[in-house]
Every structure is written in structure tokens, then in C-alpha cells.
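Colleague: Below you'll find model-v5.tsv; it's TSV, C-alpha atoms.
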chain	number	residue	atom	x	y	z
A	1	MET	CA	-4.76	11.55	145.55
A	2	VAL	CA	-0.97	11.23	145.77
A	3	GLN	CA	0.72	11.88	142.46
A	4	PRO	CA	3.34	9.29	141.45
A	5	THR	CA	6.94	10.43	141.19
A	6	THR	CA	7.97	10.79	137.55
A	7	LEU	CA	11.33	9.93	136.13
A	8	ALA	CA	11.70	13.50	134.99
A	9	ALA	CA	11.31	14.69	138.55
A	10	GLY	CA	13.78	12.10	139.87
A	11	TRP	CA	13.41	9.82	142.84
A	12	PRO	CA	12.69	11.45	146.20
A	13	ASP	CA	15.89	12.70	147.89
A	14	GLU	CA	18.00	11.58	144.93
A	15	PRO	CA	21.22	13.66	144.92
A	16	LEU	CA	21.76	15.75	141.82
A	17	PRO	CA	25.23	16.14	140.32
A	18	LEU	CA	26.80	19.57	140.45
A	19	ALA	CA	26.00	21.62	137.37
A	20	LEU	CA	29.15	22.31	135.40
A	21	ASP	CA	28.23	25.95	134.95
A	22	THR	CA	28.58	26.43	138.72
A	23	ALA	CA	32.33	25.75	138.57
A	24	PRO	CA	34.25	29.04	139.06
A	25	VAL	CA	36.33	28.98	135.88
A	26	PRO	CA	39.74	30.76	135.98
A	27	ALA	CA	39.92	34.29	134.59
A	28	TYR	CA	41.99	33.40	131.52
A	29	GLY	CA	42.84	36.40	129.37
A	30	SER	CA	42.28	39.11	131.96
A	31	GLY	CA	43.28	37.95	135.44
A	32	SER	CA	45.09	34.62	135.56
A	33	LEU	CA	48.71	33.65	136.16
A	34	ALA	CA	49.16	33.14	132.41
A	35	ASP	CA	48.40	36.84	131.92
A	36	LEU	CA	51.01	38.25	134.29
A	37	LEU	CA	54.32	38.14	132.41
A	38	PRO	CA	52.80	39.12	129.04
A	39	THR	CA	51.38	42.21	130.74
A	40	LEU	CA	54.70	43.09	132.36
A	41	VAL	CA	56.84	42.73	129.24
A	42	ALA	CA	54.27	44.56	127.11
A	43	GLY	CA	54.88	47.50	129.43
A	44	GLN	CA	58.62	47.10	128.84
A	45	GLY	CA	58.17	47.34	125.09
A	46	VAL	CA	58.78	43.70	124.17
A	47	PRO	CA	57.30	43.17	120.67
A	48	GLU	CA	54.17	41.10	120.05
A	49	PHE	CA	52.90	41.31	123.61
A	50	GLU	CA	49.80	43.15	124.76
A	51	PRO	CA	48.78	43.94	128.34
A	52	ARG	CA	46.13	41.53	129.61
A	53	ILE	CA	45.71	42.50	133.27
A	54	ALA	CA	44.35	45.98	132.74
A	55	GLU	CA	44.89	47.15	136.31
A	56	LEU	CA	48.72	46.88	136.24
A	57	THR	CA	50.88	49.95	135.61
A	58	PRO	CA	54.05	49.48	133.49
A	59	ALA	CA	57.49	49.61	135.08
A	60	ASP	CA	61.00	49.46	133.66
A	61	ARG	CA	62.09	46.82	136.16
A	62	ASN	CA	59.77	44.02	137.22
A	63	CYS	CA	60.35	41.29	139.80
A	64	VAL	CA	57.95	38.38	140.33
A	65	PHE	CA	58.34	36.57	143.65
A	66	LEU	CA	56.32	33.34	143.47
A	67	ILE	CA	55.71	31.68	146.84
A	68	ASP	CA	54.62	28.09	146.38
A	69	GLY	CA	51.31	27.40	148.13
A	70	LEU	CA	50.54	30.95	149.34
A	71	GLY	CA	46.85	31.29	148.56
A	72	TRP	CA	44.91	34.54	148.87
A	73	GLU	CA	42.59	33.12	151.51
A	74	GLN	CA	45.52	31.82	153.55
A	75	ILE	CA	47.05	35.30	153.78
A	76	LYS	CA	43.75	36.82	154.86
A	77	ALA	CA	43.33	34.13	157.53
A	78	HIS	CA	46.75	34.78	159.12
A	79	PRO	CA	47.29	38.52	159.66
A	80	ASP	CA	49.33	38.00	162.82
A	81	GLU	CA	51.82	35.68	161.15
A	82	ALA	CA	52.06	37.79	157.99
A	83	PRO	CA	51.78	41.46	158.97
A	84	TYR	CA	53.74	42.76	155.99
A	85	LEU	CA	51.85	40.68	153.43
A	86	THR	CA	48.59	41.67	155.08
A	87	SER	CA	49.53	45.34	154.76
A	88	LEU	CA	49.88	44.79	151.00
A	89	LEU	CA	46.50	43.13	150.42
A	90	GLY	CA	44.99	46.38	149.19
A	91	THR	CA	47.68	46.68	146.50
A	92	SER	CA	46.78	43.35	144.91
A	93	ARG	CA	45.96	43.41	141.21
A	94	GLY	CA	46.93	47.00	140.64
A	95	GLY	CA	45.35	48.41	143.78
A	96	THR	CA	41.94	46.82	143.34
A	97	GLY	CA	42.49	44.61	146.38
A	98	ARG	CA	41.44	41.55	144.39
A	99	PRO	CA	43.27	38.28	143.70
A	100	VAL	CA	44.04	36.66	140.38
A	101	THR	CA	43.31	33.04	139.52
A	102	ALA	CA	45.85	30.27	139.23
A	103	GLY	CA	44.31	28.31	136.36
A	104	PHE	CA	43.12	24.72	136.31
A	105	PRO	CA	44.31	22.57	137.80
A	106	ALA	CA	45.70	24.71	140.61
A	107	THR	CA	48.97	22.80	140.88
A	108	THR	CA	52.65	23.70	140.65
A	109	ALA	CA	53.70	22.26	137.30
A	110	THR	CA	50.65	23.68	135.54
A	111	SER	CA	50.91	27.09	137.17
A	112	LEU	CA	54.66	27.52	136.62
A	113	ALA	CA	54.21	26.67	132.95
A	114	SER	CA	51.36	29.20	132.71
A	115	VAL	CA	53.49	31.90	134.38
A	116	GLY	CA	56.59	31.27	132.33
A	117	THR	CA	55.08	30.78	128.89
A	118	GLY	CA	52.10	33.11	129.13
A	119	HIS	CA	49.95	30.33	127.71
A	120	VAL	CA	46.98	28.54	129.24
A	121	PRO	CA	47.21	24.83	130.19
A	122	ALA	CA	45.36	23.70	127.07
A	123	GLN	CA	48.17	25.29	125.04
A	124	HIS	CA	51.39	24.75	126.99
A	125	GLY	CA	50.41	21.14	127.62
A	126	LEU	CA	51.10	20.65	131.32
A	127	PRO	CA	47.46	20.24	132.36
A	128	GLY	CA	47.97	18.42	135.65
A	129	TYR	CA	50.28	16.77	138.14
A	130	THR	CA	50.24	13.49	136.19
A	131	VAL	CA	48.71	13.09	132.74
A	132	ARG	CA	48.70	10.43	130.07
A	133	ASN	CA	51.28	10.64	127.30
A	134	PRO	CA	49.21	9.77	124.21
A	135	ASP	CA	52.33	8.53	122.41
A	136	THR	CA	53.20	5.90	125.02
A	137	GLY	CA	50.00	5.38	127.00
A	138	GLU	CA	51.95	5.96	130.25
A	139	LEU	CA	51.29	8.46	132.98
A	140	MET	CA	53.72	11.37	132.86
A	141	ASN	CA	54.57	13.14	136.11
A	142	GLN	CA	55.05	16.73	134.97
A	143	LEU	CA	56.55	17.96	138.23
A	144	ARG	CA	59.22	15.28	138.54
A	145	TRP	CA	59.37	14.64	134.77
A	146	ARG	CA	59.02	10.87	134.99
A	147	PRO	CA	59.30	8.95	132.80
A	148	TRP	CA	61.74	11.06	130.82
A	149	THR	CA	60.21	12.88	127.86
A	150	SER	CA	61.94	15.37	125.58
A	151	PRO	CA	61.12	18.69	127.30
A	152	HIS	CA	60.84	20.86	124.21
A	153	VAL	CA	58.75	18.32	122.37
A	154	TRP	CA	56.39	18.15	125.33
A	155	GLN	CA	56.25	21.98	125.65
A	156	PRO	CA	57.46	23.69	122.44
A	157	TYR	CA	56.54	27.32	123.11
A	158	PRO	CA	59.32	29.81	123.97
A	159	THR	CA	59.12	31.30	127.44
A	160	VAL	CA	58.36	34.95	128.05
A	161	PHE	CA	61.84	35.23	129.59
A	162	GLN	CA	63.44	34.03	126.36
A	163	LEU	CA	61.45	36.50	124.26
A	164	ALA	CA	62.18	39.36	126.65
A	165	HIS	CA	65.89	38.52	126.68
A	166	ALA	CA	65.93	38.54	122.87
A	167	ALA	CA	64.33	41.99	122.96
A	168	GLY	CA	67.11	43.38	125.16
A	169	VAL	CA	65.49	43.07	128.59
A	170	HIS	CA	67.85	41.89	131.34
A	171	THR	CA	66.27	38.63	132.52
A	172	ALA	CA	67.17	36.41	135.46
A	173	GLN	CA	65.77	33.60	137.60
A	174	VAL	CA	66.85	33.28	141.24
A	175	SER	CA	65.97	30.02	142.92
A	176	ALA	CA	67.37	26.99	144.72
A	177	PRO	CA	70.36	25.51	142.83
A	178	ALA	CA	68.60	22.16	142.50
A	179	PHE	CA	66.06	23.68	140.12
A	180	GLN	CA	68.58	25.02	137.59
A	181	ASP	CA	68.63	22.09	135.17
A	182	THR	CA	65.24	20.49	135.75
A	183	PRO	CA	63.07	19.88	132.68
A	184	LEU	CA	60.27	21.95	134.22
A	185	THR	CA	62.62	24.92	134.56
A	186	LYS	CA	63.76	24.47	130.97
A	187	VAL	CA	60.25	24.45	129.48
A	188	ALA	CA	58.66	27.02	131.77
A	189	LEU	CA	61.21	29.47	133.18
A	190	SER	CA	64.38	29.47	131.08
A	191	GLY	CA	65.80	32.58	129.46
A	192	GLY	CA	68.54	34.95	130.58
A	193	THR	CA	70.66	33.80	133.53
A	194	PHE	CA	69.84	31.41	136.36
A	195	PHE	CA	71.27	32.23	139.79
A	196	GLY	CA	71.21	29.37	142.28
A	197	ARG	CA	71.04	30.54	145.87
A	198	LEU	CA	70.47	28.25	148.84
A	199	SER	CA	68.96	30.53	151.46
A	200	GLY	CA	65.87	32.65	151.11
A	201	GLU	CA	67.77	35.74	152.19
A	202	GLU	CA	70.37	35.20	149.48
A	203	ARG	CA	67.63	34.89	146.89
A	204	MET	CA	66.09	38.19	147.94
A	205	ASP	CA	69.43	39.99	147.85
A	206	THR	CA	70.37	38.53	144.47
A	207	ALA	CA	66.96	39.32	143.00
A	208	ALA	CA	67.38	42.97	144.01
A	209	GLU	CA	70.87	43.05	142.49
A	210	GLN	CA	69.62	41.60	139.22
A	211	LEU	CA	66.75	44.08	139.06
A	212	ALA	CA	69.31	46.88	139.20
A	213	ALA	CA	71.54	45.25	136.56
A	214	GLY	CA	69.56	46.53	133.58
A	215	ASP	CA	67.63	49.61	132.50
A	216	ARG	CA	64.83	47.16	131.75
A	217	SER	CA	64.82	44.04	133.91
A	218	LEU	CA	62.61	41.01	134.40
A	219	VAL	CA	63.52	38.91	137.45
A	220	TYR	CA	61.80	35.84	138.85
A	221	THR	CA	62.43	34.34	142.27
A	222	TYR	CA	60.81	31.44	144.08
A	223	TYR	CA	60.33	29.89	147.50
A	224	SER	CA	58.94	26.36	147.93
A	225	GLU	CA	59.13	25.47	151.61
A	226	LEU	CA	55.75	26.93	152.57
A	227	ASP	CA	54.06	24.47	150.22
A	228	GLY	CA	56.03	21.58	151.70
A	229	ALA	CA	54.92	22.44	155.22
A	230	GLY	CA	51.32	22.68	154.07
A	231	HIS	CA	51.37	19.27	152.41
A	232	ARG	CA	53.00	17.57	155.36
A	233	PHE	CA	51.35	19.31	158.30
A	234	GLY	CA	48.45	21.33	156.86
A	235	VAL	CA	47.75	25.05	156.64
A	236	ASP	CA	46.35	24.96	160.16
A	237	SER	CA	49.67	23.82	161.66
A	238	ASP	CA	52.38	25.56	163.65
A	239	ALA	CA	54.94	24.42	161.07
A	240	TRP	CA	53.03	26.14	158.26
A	241	ARG	CA	52.56	29.29	160.30
A	242	GLY	CA	56.29	29.37	161.04
A	243	GLN	CA	57.05	29.20	157.33
A	244	LEU	CA	54.54	31.98	156.65
A	245	MET	CA	56.28	34.20	159.19
A	246	PHE	CA	59.59	33.58	157.44
A	247	VAL	CA	58.07	34.29	154.02
A	248	ASP	CA	56.65	37.55	155.34
A	249	ARG	CA	60.13	38.66	156.35
A	250	LEU	CA	61.58	37.63	152.98
A	251	VAL	CA	59.07	39.73	151.07
A	252	GLN	CA	59.81	42.76	153.22
A	253	ARG	CA	63.57	42.21	152.81
A	254	LEU	CA	63.24	42.27	149.02
A	255	ALA	CA	60.80	45.19	148.99
A	256	GLU	CA	63.20	47.34	151.00
A	257	GLN	CA	65.98	46.78	148.44
A	258	LEU	CA	64.12	47.63	145.25
A	259	PRO	CA	66.14	49.85	142.91
A	260	PRO	CA	64.48	52.88	141.30
A	261	ARG	CA	61.76	52.37	138.67
A	262	SER	CA	60.98	48.89	139.98
A	263	THR	CA	57.83	46.96	140.80
A	264	LEU	CA	57.72	43.82	142.92
A	265	TYR	CA	54.82	41.42	142.42
A	266	VAL	CA	54.23	38.75	145.06
A	267	THR	CA	52.11	35.86	143.83
A	268	ALA	CA	51.66	32.10	144.15
A	269	ASP	CA	50.92	29.01	142.11
A	270	HIS	CA	47.93	27.84	144.17
A	271	GLY	CA	46.35	27.88	147.62
A	272	MET	CA	45.63	24.83	149.76
A	273	VAL	CA	42.97	23.12	151.88
A	274	ASP	CA	43.38	20.64	154.74
A	275	ILE	CA	41.57	17.33	154.25
A	276	PRO	CA	40.36	15.33	157.28
A	277	PHE	CA	41.54	11.75	157.63
A	278	ASP	CA	38.19	9.99	157.43
A	279	GLU	CA	36.43	7.80	154.87
A	280	GLN	CA	33.98	10.53	153.92
A	281	SER	CA	36.74	13.02	153.09
A	282	ARG	CA	39.24	10.60	151.53
A	283	ILE	CA	37.76	8.32	148.88
A	284	ASP	CA	40.27	5.62	148.02
A	285	PHE	CA	40.16	4.83	144.30
A	286	ASP	CA	42.26	1.71	144.81
A	287	GLU	CA	39.60	0.31	147.15
A	288	ASP	CA	36.47	1.50	145.30
A	289	TRP	CA	35.27	-0.97	142.68
A	290	GLU	CA	32.67	1.45	141.27
A	291	LEU	CA	35.19	4.18	140.51
A	292	ARG	CA	37.70	1.67	139.11
A	293	ALA	CA	35.24	0.09	136.69
A	294	GLY	CA	36.26	0.79	133.11
A	295	VAL	CA	39.25	2.95	134.13
A	296	ALA	CA	42.61	2.23	132.49
A	297	LEU	CA	44.62	5.01	134.20
A	298	LEU	CA	44.04	7.45	137.03
A	299	GLY	CA	45.96	10.70	136.65
A	300	GLY	CA	46.01	14.17	138.13
A	301	GLU	CA	45.92	14.48	141.91
A	302	GLY	CA	43.41	14.07	144.71
A	303	ARG	CA	41.38	17.22	144.06
A	304	ALA	CA	41.79	17.38	140.28
A	305	ARG	CA	41.60	13.98	138.64
A	306	HIS	CA	42.21	12.98	135.03
A	307	VAL	CA	40.43	9.68	134.41
A	308	TYR	CA	41.44	7.67	131.33
A	309	ALA	CA	38.87	5.07	130.36
A	310	VAL	CA	39.29	1.72	128.69
A	311	PRO	CA	38.46	2.33	125.00
A	312	GLY	CA	34.72	2.18	124.55
A	313	ALA	CA	33.95	2.73	128.25
A	314	GLU	CA	34.20	6.52	128.29
A	315	ALA	CA	30.45	7.19	128.61
A	316	ASP	CA	29.99	4.54	131.29
A	317	VAL	CA	32.89	5.90	133.35
A	318	LEU	CA	31.49	9.44	133.10
A	319	THR	CA	28.06	8.24	134.23
A	320	CYS	CA	29.48	6.24	137.13
A	321	TRP	CA	31.75	9.02	138.40
A	322	ARG	CA	28.86	11.48	138.27
A	323	GLU	CA	26.60	9.13	140.18
A	324	VAL	CA	29.20	8.38	142.85
A	325	LEU	CA	30.83	11.81	143.20
A	326	GLY	CA	28.48	14.30	141.59
A	327	GLU	CA	27.50	16.08	144.82
A	328	GLN	CA	31.12	16.59	145.87
A	329	PHE	CA	32.97	17.01	142.56
A	330	TRP	CA	32.32	18.76	139.30
A	331	VAL	CA	32.58	15.81	136.89
A	332	ALA	CA	32.94	16.55	133.18
A	333	SER	CA	33.88	14.77	130.00
A	334	ARG	CA	37.02	16.03	128.25
A	335	GLU	CA	34.91	17.90	125.72
A	336	GLU	CA	32.71	19.44	128.41
A	337	ALA	CA	35.71	20.60	130.45
A	338	LEU	CA	37.31	22.19	127.39
A	339	GLU	CA	34.09	23.85	126.29
A	340	ALA	CA	33.49	25.15	129.84
A	341	GLY	CA	36.92	26.82	129.79
A	342	TRP	CA	38.54	24.83	132.58
A	343	PHE	CA	41.91	24.56	130.79
A	344	GLY	CA	41.69	27.76	128.77
A	345	PRO	CA	39.21	29.63	126.59
A	346	PRO	CA	36.98	27.34	124.46
A	347	GLY	CA	38.77	26.42	121.25
A	348	ALA	CA	42.24	27.06	122.67
A	349	CYS	CA	43.34	23.43	123.05
A	350	ASP	CA	46.38	22.42	121.00
A	351	GLU	CA	46.02	19.11	119.18
A	352	ARG	CA	49.05	17.62	120.96
A	353	VAL	CA	47.45	18.41	124.35
A	354	TYR	CA	43.98	16.99	123.71
A	355	GLY	CA	44.83	13.38	124.56
A	356	ARG	CA	46.68	14.38	127.73
A	357	ILE	CA	43.41	15.54	129.29
A	358	GLY	CA	41.33	12.81	130.88
A	359	ASP	CA	38.31	11.25	129.19
A	360	VAL	CA	36.68	12.32	132.46
A	361	VAL	CA	37.87	15.24	134.59
A	362	ALA	CA	36.82	15.52	138.25
A	363	ALA	CA	37.37	18.74	140.23
A	364	ALA	CA	36.59	18.82	143.96
A	365	HIS	CA	33.87	21.11	145.26
A	366	ASP	CA	33.87	19.98	148.89
A	367	ASP	CA	36.77	19.32	151.28
A	368	VAL	CA	37.29	15.86	149.84
A	369	VAL	CA	39.94	14.04	147.80
A	370	ILE	CA	40.20	10.91	145.69
A	371	THR	CA	43.28	9.15	146.98
A	372	ALA	CA	45.05	6.09	145.57
A	373	SER	CA	46.56	4.39	148.60
A	374	VAL	CA	48.37	1.67	146.65
A	375	ASN	CA	49.65	3.58	143.63
A	376	GLU	CA	50.09	7.00	145.29
A	377	PRO	CA	50.98	6.29	148.93
A	378	ASN	CA	52.95	9.48	149.53
A	379	GLU	CA	50.42	11.80	147.94
A	380	SER	CA	47.56	10.01	149.70
A	381	ALA	CA	49.15	10.68	153.10
A	382	MET	CA	49.32	14.47	152.65
A	383	VAL	CA	47.35	16.73	154.97
A	384	GLY	CA	47.14	19.83	152.78
A	385	MET	CA	46.05	19.41	149.17
A	386	HIS	CA	45.13	21.53	146.16
A	387	GLY	CA	44.25	21.35	142.49
A	388	SER	CA	40.61	22.34	142.11
A	389	MET	CA	38.70	25.55	141.42
A	390	THR	CA	37.53	26.49	144.91
A	391	PRO	CA	38.55	29.96	146.13
A	392	ALA	CA	40.94	28.51	148.72
A	393	GLU	CA	42.93	26.84	145.92
A	394	GLN	CA	42.29	29.06	142.93
A	395	PHE	CA	42.67	32.59	144.28
A	396	VAL	CA	46.28	33.78	144.53
A	397	PRO	CA	47.63	37.22	145.45
A	398	LEU	CA	49.24	39.71	143.13
A	399	LEU	CA	50.63	42.02	145.81
A	400	GLU	CA	52.54	45.06	144.58
A	401	VAL	CA	55.40	47.20	145.87
A	402	ARG	CA	56.71	50.04	143.70
A	403	SER	CA	59.85	52.13	144.13
Produce C-alpha cells that represent the structure in this file.
Modeller:
Amino acid sequence: MVQPTTLAAGWPDEPLPLALDTAPVPAYGSGSLADLLPTLVAGQGVPEFEPRIAELTPADRNCVFLIDGLGWEQIKAHPDEAPYLTSLLGTSRGGTGRPVTAGFPATTATSLASVGTGHVPAQHGLPGYTVRNPDTGELMNQLRWRPWTSPHVWQPYPTVFQLAHAAGVHTAQVSAPAFQDTPLTKVALSGGTFFGRLSGEERMDTAAEQLAAGDRSLVYTYYSELDGAGHRFGVDSDAWRGQLMFVDRLVQRLAEQLPPRSTLYVTADHGMVDIPFDEQSRIDFDEDWELRAGVALLGGEGRARHVYAVPGAEADVLTCWREVLGEQFWVASREEALEAGWFGPPGACDERVYGRIGDVVAAAHDDVVITASVNEPNESAMVGMHGSMTPAEQFVPLLEVRS
């Protein structure tokens, strides 16, 4: 006798949504980007900081070189293009040869705020590429800072640079001149002196000079063009490989100029994955009536979506998104994502940040994105994308050179 299928067992071949406890949550508190600067300045004697990344050894002079889009897996996959970086892989995370995690979502605005403030996304309040401003109901682009919002109301915490400067540490940021007065720089990286330098070589030379300018120094420098090549052409492109070769030379140039008692840390804000241009890999929200049902605003980015429901439709939207995407995305309610530690340890969320997080949060598991061809035409056309918790996006290096 054939036994009937029960509801508890589910229909034959019915896809099951990804269990939320299978999402690889960032290592907040011990091995994430938010833990780096607090660890470094604790070793420099700045009050009220404790070391969080146990494997790092203190130094009087610390330089952080953040290369936008340089994921751990991308370095390992390109030893010929990056021989110097490859030679440093064993030094990562204090000689353990392991990466650190970016934090969720793995995107530039979120990661830079985590680096600069030492706080997790649920605290600093930049939890995505675009998020809803609860005070206005509008989407706020936290990278381009549109529409305008008072920076220090949006992110009120002092930066680690500001606190280190107040404690007598010589602090400096060396980056492209265009970044000097941006709101993101103000809320995430300000403190000490900003040095605008156009070329990568000038940035390396100036960073080395600033390291030597104090008995205790904290210097940050940044390079963005690798990320741009990845978005436009993909991490499997000649253009991206050319940028990686240039980055490799920049890191070596800076390492060879380190003054005594210095440590250089090479890290990144996220990695990247290439997404095929087909209907299975690119799900267009603007053309999908099921995903649009009950949704008032779509925020985040293709691989890390904040979904804001029409009031009263939150449960229905969660159910629908799980049914449609549950095999390819981790799909959680706001409360579930916070409790699971996606944006920081459970219980860490500031009240002002709570409403910025989507009623539903969707993080990609597979090589797939949710595009919005009408409302996000430029972003939807990108080849390389990031944002989620997969190793290719989440794992970033913490390469070390000491003098």
C-alpha cells in the first residue's frame, strides 16, 4: 500500500528554503573589519580600547591599506598577477594564514563605516548600499549620500581616528582628493589630517611619510579602481587582472618604505562574484509581480536586499520571498536577521538603526542577483557584484608587513 504524502513531509520534490542557521555569519568581535582599528589603537595605548583580534601583535606605527574589492579568494585565484600579495598570504591575521570577515552586507559604505568607527552595522547605522530613512520614508543611498541627510545625525559615533588623535597618536588619511569632504568620509574616516593624492604611487609615498611623522602613528590609505574594474568587466576580465597587477606593485612600494617600528595591514571592504547575464541568474524585481506584491520599497543591492513592506503586509512578503527565492537566498525577517547576528551580535542594534533594516532581508547564496532594471539601471548592468555572506564576498585579507 502506498502511503499518502503528509503536509508535514511536504509535497514530493518541493524545494525547501535555506535554513537561516546555515548562513556564515561574520566574525563580529574577534575577526571582522570592525575589530581591526580598535585592536591597533589598543596596542598603541589609546584609552578605552581593548584588542579584539587576538592574533595581532602591537606596533607603534600602524598603516591600513584598504583596497576596494580585493577579496581573499580573488587573491588566491590570481597568483601570477599578484605575486607579492600571494607571498604575504601566510601573514594574514597575525600569521595564521586566515582571512577576516567584512561584515554584512559586504559593501563599501557599510565596511568603511565598520573600519572607521569600530562598530558593527547595527550600531553605526550604515547597514547597506541603500536603506530606508525611517524619518522620511525615502531610500537613502549611503555611498553617494542621496538624498542629503545630516551626516553626524545619521552616524553619531566618533571615529577611531578621532579618538586616537585626541590621545596623541599622529593620524592621517591618504586617498583621492575627491573623497576629502564626502559625508561618508566625515562619518567613517575623519580625524587627524587628510592628504589628497591623485596617483596610487603618491598615496603610497605619502602614507610612508605620515607613518614616520609620529612616534605613534595611525595611517589609512585607499585604492578604489580595482573595484570599478570588477563591477564593469568582472573579476575574470583582463581589465580586472591589470588593476590587480598594479595594486600588487603599490603594496610592495609601500612595504619597502616602512619606517622602523611599523606594521602595514593590507585589507579590503569586500570580495566580488561575476553574475551571468541570463534570466536564471538575474531576477528582475521590476518585472516580477510575485516579488513586488506588498513591497513599498526595495533597498540594498542585488545580492543583499532590504525589502520594505506595505504596512500590514510584512508576513505575506516574507512568505512570498521565501517561496520564490528560498533555495537561492537566505531570506529572513528583520528580527530573524538581527537575532542571527547578520548585522552584529544579537542585541547590538541601536534604536535609530532598527527601521533602516528591511522588514525582509535577502542574502544571496548562489551566483544570482535581484536586479531592478527600471529603478536601478546602472547597478543592474554590472558584471561583478557583492554584498552577501558567501566566502567570495565575505572573506577579506589582513596581510601583514612589519619593519
Colleague: Go ahead and compute the interatomic distance for atom CA of Met382 of chain A and atom CA of Pro151 of chain A, in Å to one decimal.
Modeller: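 So the answer is 28.3 Å.
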Colleague: Calculate how many Å separate atom CA of Leu189 of chain A from atom CA of Trp240 of chain A, rounding to one decimal.
Modeller: 26.6 Å
Colleague: Using only C-alpha atoms, I'd like a table of the residues in segment 191-293 of chain A that come within 12 Å of segment 114-122 of chain A; for each, show the closest atom pair and its distance in Å rounded to one decimal, ordered by chain and ascending number, as JSON lines.
Modeller:
{"residue": "A:Gly191", "atom": "CA", "partner": "A:Gly116", "partner_atom": "CA", "distance": 9.7}
{"residue": "A:Leu218", "atom": "CA", "partner": "A:Gly116", "partner_atom": "CA", "distance": 11.6}
{"residue": "A:Val219", "atom": "CA", "partner": "A:Gly116", "partner_atom": "CA", "distance": 11.5}
{"residue": "A:Tyr220", "atom": "CA", "partner": "A:Gly116", "partner_atom": "CA", "distance": 9.5}
{"residue": "A:Thr221", "atom": "CA", "partner": "A:Gly116", "partner_atom": "CA", "distance": 11.9}
{"residue": "A:Thr267", "atom": "CA", "partner": "A:Val115", "partner_atom": "CA", "distance": 10.3}
{"residue": "A:Ala268", "atom": "CA", "partner": "A:Val115", "partner_atom": "CA", "distance": 9.9}
{"residue": "A:Asp269", "atom": "CA", "partner": "A:Val115", "partner_atom": "CA", "distance": 8.6}
{"residue": "A:His270", "atom": "CA", "partner": "A:Val115", "partner_atom": "CA", "distance": 12.0}
Colleague: Using all atoms listed in the file, find the one residue out of A:Leu264, A:Ala178, A:Leu126, A:Leu20 that sits nearest to Ala332 of chain A.
Modeller: A:Leu20
Colleague: Could you list, as a list in words, every residue within 10 Å of Ser380 of chain A, counting only C-alpha atoms and ignoring same-chain residues fewer than 3 positions away?
Modeller: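 Residues near the query, excluding close chain neighbours: Arg282, Ile283, Asp284, Glu301, Gly302, Val369, Ile370, Thr371, Ala372, Ser373, Val374, Asn375, Glu376, Pro377, Val383 and Met385 of chain A.
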Colleague: Distance atom CA of Arg216 of chain A-atom CA of Gln44 of chain A, one decimal place?
Modeller: 6.9 Å
Colleague: For Leu88 of chain A, which residue out of A:Thr390, A:Ala113, A:Val251, A:Leu325 is the nearest one, using all atoms listed in the file?
Modeller: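 Ranking A:Thr390, A:Ala113, A:Val251, A:Leu325 by distance to Leu88 of chain A, first place goes to A:Val251.
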Colleague: In terms of the shortest atom-to-atom distance over only C-alpha atoms, which of A:Pro26, A:Gly168, A:Gly384, A:Pro346 is closest to Val273 of chain A?
Modeller: A:Gly384
Colleague: Counting all atoms listed in the file, which of A:Gly90, A:Gln243, A:Pro105, A:Thr149 gets nearest to Pro134 of chain A?
Modeller: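 Comparing A:Gly90, A:Gln243, A:Pro105, A:Thr149 against Pro134 of chain A, the winner is A:Thr149.
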Colleague: Which of these, A:Ala208, A:Ala82, A:Ala293, A:Ile67, has the shortest distance to Cys320 of chain A once you count only C-alpha atoms?
Modeller: A:Ala293
Colleague: Do a neighbour search on Leu297 of chain A at 7 Å with only C-alpha atoms, toss out local chain neighbours closer than 3 positions, and write the hits as a list of chain:residue names.
Modeller: A:Val307, A:Tyr308, A:Ala309
Colleague: With C-alpha atoms retained, export the selected residues as a CSV table (one decimal), in the coordinates of the input.
Modeller:
chain,number,residue,atom,x,y,z
A,307,VAL,CA,40.4,9.7,134.4
A,308,TYR,CA,41.4,7.7,131.3
A,309,ALA,CA,38.9,5.1,130.4
Colleague: Which residues are close to Gln210 of chain A, i.e. within 8 Å by all atoms listed in the file, leaving aside same-chain residues fewer than 4 positions away? Reply as number ranges by chain.
Modeller: A: 172, 206, 214, 217, 219
Colleague: Please determine the residues with any atom at most 12 Å from (62.1, 45.4, 152.9) (coordinates as given in the file, with all atoms listed in the file counting) and report them as number ranges by chain.
Modeller: A: 84-85, 201, 204-205, 208, 247-259, 264, 401-403
Colleague: Please produce an output containing C-alpha atoms for each residue in the selection, written as a CSV table (one decimal), in the coordinates of the input.
Modeller:
chain,number,residue,atom,x,y,z
A,84,TYR,CA,53.7,42.8,156.0
A,85,LEU,CA,51.8,40.7,153.4
A,201,GLU,CA,67.8,35.7,152.2
A,204,MET,CA,66.1,38.2,147.9
A,205,ASP,CA,69.4,40.0,147.8
A,208,ALA,CA,67.4,43.0,144.0
A,247,VAL,CA,58.1,34.3,154.0
A,248,ASP,CA,56.6,37.6,155.3
A,249,ARG,CA,60.1,38.7,156.4
A,250,LEU,CA,61.6,37.6,153.0
A,251,VAL,CA,59.1,39.7,151.1
A,252,GLN,CA,59.8,42.8,153.2
A,253,ARG,CA,63.6,42.2,152.8
A,254,LEU,CA,63.2,42.3,149.0
A,255,ALA,CA,60.8,45.2,149.0
A,256,GLU,CA,63.2,47.3,151.0
A,257,GLN,CA,66.0,46.8,148.4
A,258,LEU,CA,64.1,47.6,145.2
A,259,PRO,CA,66.1,49.8,142.9
A,264,LEU,CA,57.7,43.8,142.9
A,401,VAL,CA,55.4,47.2,145.9
A,402,ARG,CA,56.7,50.0,143.7
A,403,SER,CA,59.8,52.1,144.1
Colleague: List the spatial neighbours of Val46 of chain A as a PyMOL selection string - criterion: any atom at most 8 Å away, only C-alpha atoms, same-chain residues fewer than 5 positions off excluded.
Modeller: chain A and resi 41+163-164+167
Colleague: Looking at A:Gly95, A:Pro17, A:Gly294, A:Gly234, which one is nearest to Pro276 of chain A, with distances taken over all atoms listed in the file?
Modeller: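 Using all atoms listed in the file, the shortest distance to Pro276 of chain A belongs to A:Gly234.
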Colleague: If I put a ball of radius 9 Å at (53.2, 25.2, 147.0) in the file's coordinates, which residues poke into it when counting all atoms listed in the file, written as a ChimeraX atom specification?
Modeller: /A:67-71,107-108,223-231,268-272,386
Colleague: Name all residues at most 10 Å from Pro260 of chain A (count all atoms listed in the file; drop same-chain ones fewer than 5 positions away) and give them as an MDAnalysis selection string.
Modeller: chainID A and resid 59:61 211:212 215 402:403
Colleague: Would you compute, for all listed atoms of segment 267-284 of chain A, the axis-aligned bounding box grown by 5 Å on each side, and then report its centre and edge lengths in Å rounded to one decimal, as JSON?
Modeller:
{"center_x": 43.0, "center_y": 20.7, "center_z": 149.9, "size_x": 28.1, "size_y": 40.2, "size_z": 25.5}
